[in-house]
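Next up, start_16.txt (compact mmCIF, C-alpha atoms):
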```
# COMPACT_ATOMS: atom_id res chain seq x y z
CA THR A 1 -5.64 -0.80 -10.96
CA LEU A 2 -3.46 -3.89 -11.15
CA ASP A 3 -0.40 -1.67 -10.71
CA ASP A 4 -1.79 -0.22 -7.46
CA LEU A 5 -2.03 -3.76 -6.10
CA GLY A 6 1.46 -4.72 -7.29
CA LEU A 7 0.05 -7.11 -9.88
CA GLY A 8 0.84 -5.14 -13.06
CA ARG A 9 3.49 -7.63 -14.18
CA LEU A 10 0.88 -10.39 -14.24
CA ALA A 11 -1.26 -8.61 -16.85
CA GLY A 12 -1.32 -10.22 -20.28
CA LYS A 13 0.70 -8.32 -22.84
CA ARG A 14 -0.70 -9.94 -26.00
CA THR A 15 -4.40 -9.83 -25.24
CA GLY A 16 -6.41 -7.00 -23.76
CA PHE A 17 -8.42 -7.16 -20.56
CA VAL A 18 -10.99 -5.06 -18.75
CA GLY A 19 -9.23 -1.94 -17.44
CA ASP A 20 -6.15 -2.28 -19.69
CA VAL A 21 -6.73 1.02 -21.51
CA LEU A 22 -7.59 2.91 -18.31
CA ARG A 23 -4.49 1.77 -16.43
CA ARG A 24 -2.29 3.39 -19.09
CA ARG A 25 -3.75 6.87 -18.60
CA PRO A 26 -1.35 9.42 -17.06
CA ALA A 27 -3.40 9.89 -13.87
CA PHE A 28 -3.17 6.15 -13.17
CA GLN A 29 0.61 6.17 -13.72
CA ALA A 30 1.38 9.05 -11.32
CA PRO A 31 4.40 8.18 -9.12
CA ASP A 32 2.65 9.40 -5.94
CA ARG A 33 -0.47 7.27 -6.54
CA GLN A 34 -1.31 5.06 -3.57
CA ARG A 35 -0.17 1.44 -3.74
CA LEU A 36 -1.04 -1.59 -1.65
CA VAL A 37 1.83 -2.49 0.69
CA GLY A 38 2.35 -4.99 3.48
CA LEU A 39 3.07 -3.82 7.02
CA GLU A 40 4.75 -5.56 9.89
CA CYS A 41 5.07 -4.26 13.44
CA ILE A 42 8.76 -4.37 14.42
CA GLU A 43 8.50 -2.71 17.84
CA GLU A 44 7.96 -5.14 20.69
CA GLY A 45 4.53 -4.74 22.30
CA LYS A 46 3.18 -2.34 19.64
CA ARG A 47 0.11 -3.07 17.50
CA LEU A 48 -1.09 -1.98 14.09
CA ARG A 49 -4.58 -0.50 14.02
CA GLY A 50 -6.94 -0.69 11.07
CA GLY A 51 -7.89 2.74 9.77
CA ALA A 52 -4.75 4.41 11.14
CA VAL A 53 -3.41 7.29 9.06
CA LEU A 54 0.25 6.93 8.07
CA PHE A 55 2.85 9.71 8.21
CA LEU A 56 6.60 9.84 7.62
CA PRO A 57 8.84 10.12 10.69
CA GLY A 58 9.12 13.78 11.71
CA GLU A 59 6.17 14.80 9.53
CA LYS A 60 3.39 16.92 11.09
CA THR A 61 0.47 14.67 11.95
CA TYR A 62 -2.50 16.43 10.42
CA GLY A 63 -4.48 16.00 7.23
CA HIS A 64 -4.72 12.83 5.20
CA GLY A 65 -1.12 11.73 5.72
CA ARG A 66 0.68 9.51 3.20
CA GLY A 67 -1.75 6.62 3.42
CA ARG A 68 -3.90 4.48 5.68
CA VAL A 69 -3.95 1.01 7.17
CA THR A 70 -6.71 -0.99 5.49
CA SER A 71 -6.57 -4.30 7.37
CA VAL A 72 -4.72 -5.92 10.27
CA THR A 73 -4.52 -9.41 11.70
CA PHE A 74 -2.35 -11.39 14.09
CA SER A 75 0.16 -13.69 12.38
CA PRO A 76 0.86 -16.83 14.41
CA GLU A 77 3.83 -17.55 12.11
CA ARG A 78 5.44 -14.17 12.83
CA GLY A 79 4.17 -13.87 16.39
CA HIS A 80 2.88 -10.32 15.93
CA CYS A 81 0.47 -8.20 13.87
CA VAL A 82 0.76 -7.79 10.11
CA GLY A 83 -1.41 -5.70 7.85
CA LEU A 84 -2.07 -4.06 4.51
CA ALA A 85 -2.06 -0.36 3.76
CA LEU A 86 -2.59 2.01 0.86
CA LEU A 87 0.54 4.16 0.87
CA ALA A 88 1.64 6.96 -1.47
CA GLY A 89 3.86 5.44 -4.14
CA ASP A 90 6.60 8.01 -3.69
CA VAL A 91 7.25 6.63 -0.18
CA ALA A 92 6.28 2.97 -0.69
CA SER A 93 9.33 0.75 -0.92
CA GLU A 94 10.49 -2.78 -0.37
CA GLY A 95 12.24 -3.68 2.82
```

Represent the structure of the file as structure tokens.
Amino acid sequence: TLDDLGLGRLAGKRTGFVGDVLRRRPAFQAPDRQRLVGLECIEEGKRLRGGAVLFLPGEKTYGHGRGRVTSVTFSPERGHCVGLALLAGDVASEG
């Protein structure tokens, strides 16, 4: 949904749109629903890998984890890899 992509605030409030009714259903509003987040590698010499499963620090690394890296590319502006991931909303945050 638009909310999963962080675009919910851009949705028109006066007129309806395709998916408007569905995005208001409880299952689509769950706080742990995966959201699209940006990733940046902060450790020198480390790389992000597309398809990697994401876990919290100290969490056992088995199962589906908290999310997955969906795409990665090198950023000439930043000088290192950046990427996008779908991450459980209860752990997704800014910063």

Have a look at A:Arg35, A:Pro26, A:Cys41, A:Arg9 and name the one nearest to Ser75 (chain A); count all atoms listed in the file. A:Cys41

Exercise: residues within 6 Å of coordinate (3.1, -6.2, 7.7), counting all atoms listed in the file, as a ChimeraX atom specification: /A:38-40,82-83

Using only the atoms of region 47-61 of chain A listed in the file, plus 3 Å on each side, state the axis-aligned box centre and edge lengths in Å rounded to one decimal, as lines of an AutoDock Vina configuration file.
```
center_x = 0.6
center_y = 6.9
center_z = 12.6
size_x = 23.0
size_y = 26.0
size_z = 15.9
```

Counting only C-alpha atoms, which of A:Gly19, A:Gly45, A:Ala88, A:Gly6 gets nearest to His64 (chain A)?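 Looking at the shortest contact to His64 (chain A), the residue is A:Ala88.
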
Could you tell me how far CA of Leu56 (chain A) lies from CA of Arg68 (chain A), in Å and to one decimal?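 According to the coordinates, CA of Leu56 (chain A) and CA of Arg68 (chain A) are separated by 11.9 Å.
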
Length of the CA of Gly51 (chain A) to CA of Thr70 (chain A) vector [Å]: 5.8 Å

Nearest to Ala30 (chain A) by atom-to-atom distance, counting all atoms listed in the file, from A:Asp3, A:Leu84, A:Arg14, A:Pro76: A:Asp3

Could you check which of A:Gly16, A:Gly50, A:Pro57, A:Gly8 is closest to Val69 (chain A), using all atoms listed in the file? A:Gly50

List the spatial neighbours of Ile42 (chain A) as a list in words - criterion: any atom at most 12 Å away, only C-alpha atoms, same-chain residues fewer than 6 positions off excluded. Leu48, Arg78, Gly79, His80, Cys81 and Val82 of chain A

May I ask which of the residues A:Phe17, A:Gln29, A:Val72, A:Tyr62 is the closest one to Asp4 (chain A), counting all atoms listed in the file?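 Under the stated criterion, the closest residue is A:Gln29.
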
Point (5.9, 9.1, 5.5), cut-off 8 Å, counting all atoms listed in the file, residues as a compact mmCIF listing (two decimals) with C-alpha atoms, in the coordinates of the input:
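And here is the file that came out, selection.txt:
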```
# COMPACT_ATOMS: atom_id res chain seq x y z
CA LEU A 54 0.25 6.93 8.07
CA PHE A 55 2.85 9.71 8.21
CA LEU A 56 6.60 9.84 7.62
CA PRO A 57 8.84 10.12 10.69
CA GLU A 59 6.17 14.80 9.53
CA GLY A 65 -1.12 11.73 5.72
CA ARG A 66 0.68 9.51 3.20
CA VAL A 91 7.25 6.63 -0.18
```

Closest of A:Val21, A:Leu86, A:Phe74, A:Gln34 to Lys46 (chain A) - atom-to-atom distances counting only C-alpha atoms: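 Going through A:Val21, A:Leu86, A:Phe74, A:Gln34 one by one, the smallest distance to Lys46 (chain A) is for A:Phe74.
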